[in-house]
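What follows is a short report on a single structure.
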Amino acid sequence: MNDIIDLSIWQLVLAFVFVMVLMIIVKIKGISREKEILISSIRMTLQLILTGYLLVYLFNNPSPVYTIFVLLAMESFAIHNIIKRAKGKINKSLRKIIGLSMVVGTVSCLLFFLFVIVQISPWYNPQYFIPIAGMLIGNSMTGISLGVNRLVDGMQANKHLIEGSLMLGATPKMASKEVVDNAFDSAILPTINSMVGMGIVFLPGMMTGQILSGTSPITAIEYQIAIMLGILGSVSLTVILFVQLGYKTFFNHKDQLQI
Amino acid sequence: MFYLKDVKYKNILDIQELKIEDNKVTSIIGESGSGKTTLLRLLNKLISCDSGYISYKGKNIENIDSIALRRKVTMLPQESPIFKGTIRDNLLIGLKFTDKPLFDDSHLYSILSFINLKKNLDDLSDNLSGGEKQRLALGRILLLDPDVFLLDEPSSALDEETEKFIIENLVKYTKENNKTLIMITHSKKIALSYSDRIIDLSKGSMDNREAKNE
Ligand SMILES: Nc1ncnc2c1ncn2[C@@H]1O[C@H](COP(=O)(O)OP(=O)(O)OP(=O)(O)O)[C@@H](O)[C@H]1O
Ligand SMILES: [Mg+2]
C-alpha cells in the first residue's frame with residue numbers, strides 16, 4: 001500500500017498542462033504575461049532538475065568540503081539576492097550588515113538545529129545539512145528582504161520625526177525605535193502567519209514532499225514542527241541583528257542623521 | 001554663550017564672526033533661503049560646519065557630546081514634529097527621551113495654558129490644526145527646561161494675537177528663569193519689539209546689531 005509512484009518524464013511533462021491552461025487564459029484576457037509565465041516555469045523545472053542531480057551526487061559522495069561549499073554558495077546567493085531586490089536603495093555599510101546578519105543568524109541556528117536537535121552524524125551529512133540549511137537561509141532571506149525595505153523606507157519617510165527627536169535630546173536608538181520595531185514586525189509577520197495556518201489551511205511544502213515520497217506523516221510532522229521553529233528562530237535572529245545594526249548606519253558618530 | 005569664527009557650511013553659510021550672549025533674547029532674520037535654519041541646526045549640532053569653529057560656553061562643540069549638548073540647547077524645528085498618540089503623549093515624549101521624571105496632569109495643563117492651547121490632554125494630536133501643532137511642539141520643549149531655546153519660526157502659523165501672547169510669555173519666561181532664547185522670525189516687528197539683539201543673515205552680509213528699542 002505504501003508503494004511510491006515514481007513520476008516518469010512523460011508524467012512530468014503532463015503537469016505542464018497547468019501552464020498551458022494558464023497561458024490560454026492569459027492570452028484570451030489580453031494580459032501580456034505569457035513570456036514571464038513560460039520562462040519562469042521552464043526555469044524552475046531546469047533549476048530543480050539540476051539541483052536533483054547535484055544532490056544525488058552529493059549524497060553519494062558525502063564530504064565536508066562539498067557540504068561547506070554548498071552552504072557558502074547558498075549564503076552568497078541569498079545575500080546577493082537581498083541586495084539585488086533592494087534596488088540600489090542601500091549603501092555599502094548596510095550591505096555589510098545584511099551579510100553579517102545573514103551569516104551569523106542562519107549559521108548559529110543551523111548549528112543548533114543539526115547538532116543539538118537532530119544530532120546528525122557525520123557532522124557534514126549532506127542529506128540533512130543541505131536541505132535544512134536551504135530552508136533556514138531561504139526563509140531568512142525573505143525576512144531580511146522585507147526588513148530592509150521597511151527600514152530604509154521608514155527612515156526616509158520619518159526623517160522629520162527622527163530629527164525632531166534628536167533635537168529633543170533623544171539618542172539615535174530612541175529616535176528610530178518606531179521605525180526599527182516596524183521593520184522587525186513586518187519582516188517576521190509572514191513566518192508567524194504561515195505557522196498559524198499550518199496543517200489547517202494548507203500542508204506545508206516540505207511535509208507534503210516527505211509524505212508523497214513515503215515517509216510516515218508522523219515523522220514528517222515531527223520534522224515539520226522542528227523545522228518551523230528553526231525557521232522562526234533563524235528569521236527572528238537574522239532580522240533582529242539586521243535592524244539593530246542597520247539603523248545605526250543612518251547616523252554618524254556625532255549622532256547626526258545622514259539621509 | 002555661543003561664539004562662531006570663520007564658519008562655513010557648503011555654500012550656504014559663511015560667517016566671519018558671531019557672538020550670541022546668554023540670558024538674552026536674540027532674533028535671527030533674513031530672507032527665505034538665507035541660511036537661518038541652517039545656523040540653528042549648526043548650533044544644535046544636527047550638522048557640523050565644513051570649516052571654522054563654534055563654541056558653547058567656551059568649549060568647542062565638536063568636543064561636546066551631541067546628545068548632552070542637545071539636552072542643554074534644544075531646538076524647535078520649523079515644521080512641528082507631532083508623534084502618534086494623545087496631546088499628553090506628545091508633551092511627555094521629550095522627557096521620556098531624556099529620562100527625566102514625568103509631570104502630572106495639573107502641570108501639563110499649566111503648560112497648555114502657557115501656550116494657549118485649549119484642549120484636553122487625552123485628545124488625539126493628529127487632528128490638531130497647524131498652529132495648534134506648532135504650540136504643542138513648543139509646549140513639549142518648555143517641559144524639557146533646557147538652558148537655551150533654539151526656536152525656528154515658533155509663531156509662523158499663528159494669528160497676530162496668539163503670536164503676541166505666546167512670544168510675550170516666552171520672553172517673560174526666559175528672562176525670569178535666566179534662559180537664553182534664540183529665535184528665527186519672519187516678522188521684523190516681533191524681532192524689533194522683543195529681542196535684545198538681531199542677527200540679519202541676508203545674502204552676502206551678516207549684520208549683528210543691537211535691537212533698536214534698547
Ligand atoms: N542639506 C542641505 N544640502 C544642500 N542644500 C541645503 C541643505 N539644507 C539647506 N540647503 C539650502 O540652503 C539654503 C538655506 O536653507 P535654510 O533652510 O537654512 O534657509 P532659511 O533661511 O531657514 O529659509 P526659510 O526662511 O525659507 O526657512 C537653501 O537654499 C536650502 O535649499
Ligand atoms: Mg528656515
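Letters for chains follow the order of the C-alpha cells (A, B, ...), residue numbers begin at 1 for each chain, and ligand numbers begin at 1 in the order shown.
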For this session: Show which residues sit within 8 Å of Phe114 (chain B), as a list in words. Count only C-alpha atoms, and ignore same-chain residues fewer than 2 positions away.
Result: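 The residues that qualify are Ser110, Ile111, Leu112, Asn116, Leu117, Gly139, Ile166 and Asn169 of chain B.
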Problem set entry | Ser155 (chain B) environment, 8 Å, only C-alpha atoms, sequence neighbours closer than 4 positions dropped, as a list in words |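 These residues fall inside the cut-off: Gly131, Gln134, Glu163, Ile166, Ile167 and Thr185 of chain B.
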Expected file contents, prior selection, C-alpha atoms, as a JSON list (two decimals), in the first residue's frame:
```
[["chain", "number", "residue", "atom", "x", "y", "z"],
["B", 131, "GLY", "CA", -0.97, 76.45, 14.60],
["B", 134, "GLN", "CA", 3.16, 74.40, 16.49],
["B", 163, "GLU", "CA", 1.57, 85.21, 18.34],
["B", 166, "ILE", "CA", 3.00, 83.32, 23.02],
["B", 167, "ILE", "CA", 6.08, 85.41, 22.32],
["B", 185, "THR", "CA", 11.33, 85.13, 12.81]]
```
Exercise. For ligand 1, which residue among B:Lys36, B:His107, B:Lys5, B:Lys24 is the nearest when counting only C-alpha atoms and all ligand atoms?
Worked result: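 The closest residue to ligand 1 is B:Lys36.
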For this session: Using only C-alpha atoms, find the residues of chain A whose closest atom to chain B is at most 12 Å away, then write them as number ranges by chain.
Result: A: 158-178, 251-259
Exercise. Between CA of Leu181 (chain B) and CA of Tyr9 (chain B), what is the spacing in Å?
Worked result: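 If I compute the distance from CA of Tyr9 (chain B) to CA of Leu181 (chain B), I get 23.0 Å.
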Exercise. Ligand 1: which residues are within 6 Å, counting only C-alpha atoms and all ligand atoms, as a PyMOL selection string?
Worked result: chain B and resi 12+31-38
For this session: For CA of Ile28 (chain A) and CA of Met44 (chain A), quote the distance in Å rounded to one decimal.
Result: 24.8 Å
Exercise. Taking only C-alpha atoms and all ligand atoms into account, which of B:Leu39, B:Ile199, B:Leu121, B:Ile115 comes nearest ligand 2?
Worked result: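 Of the candidates, the smallest distance to ligand 2 is held by B:Leu39.
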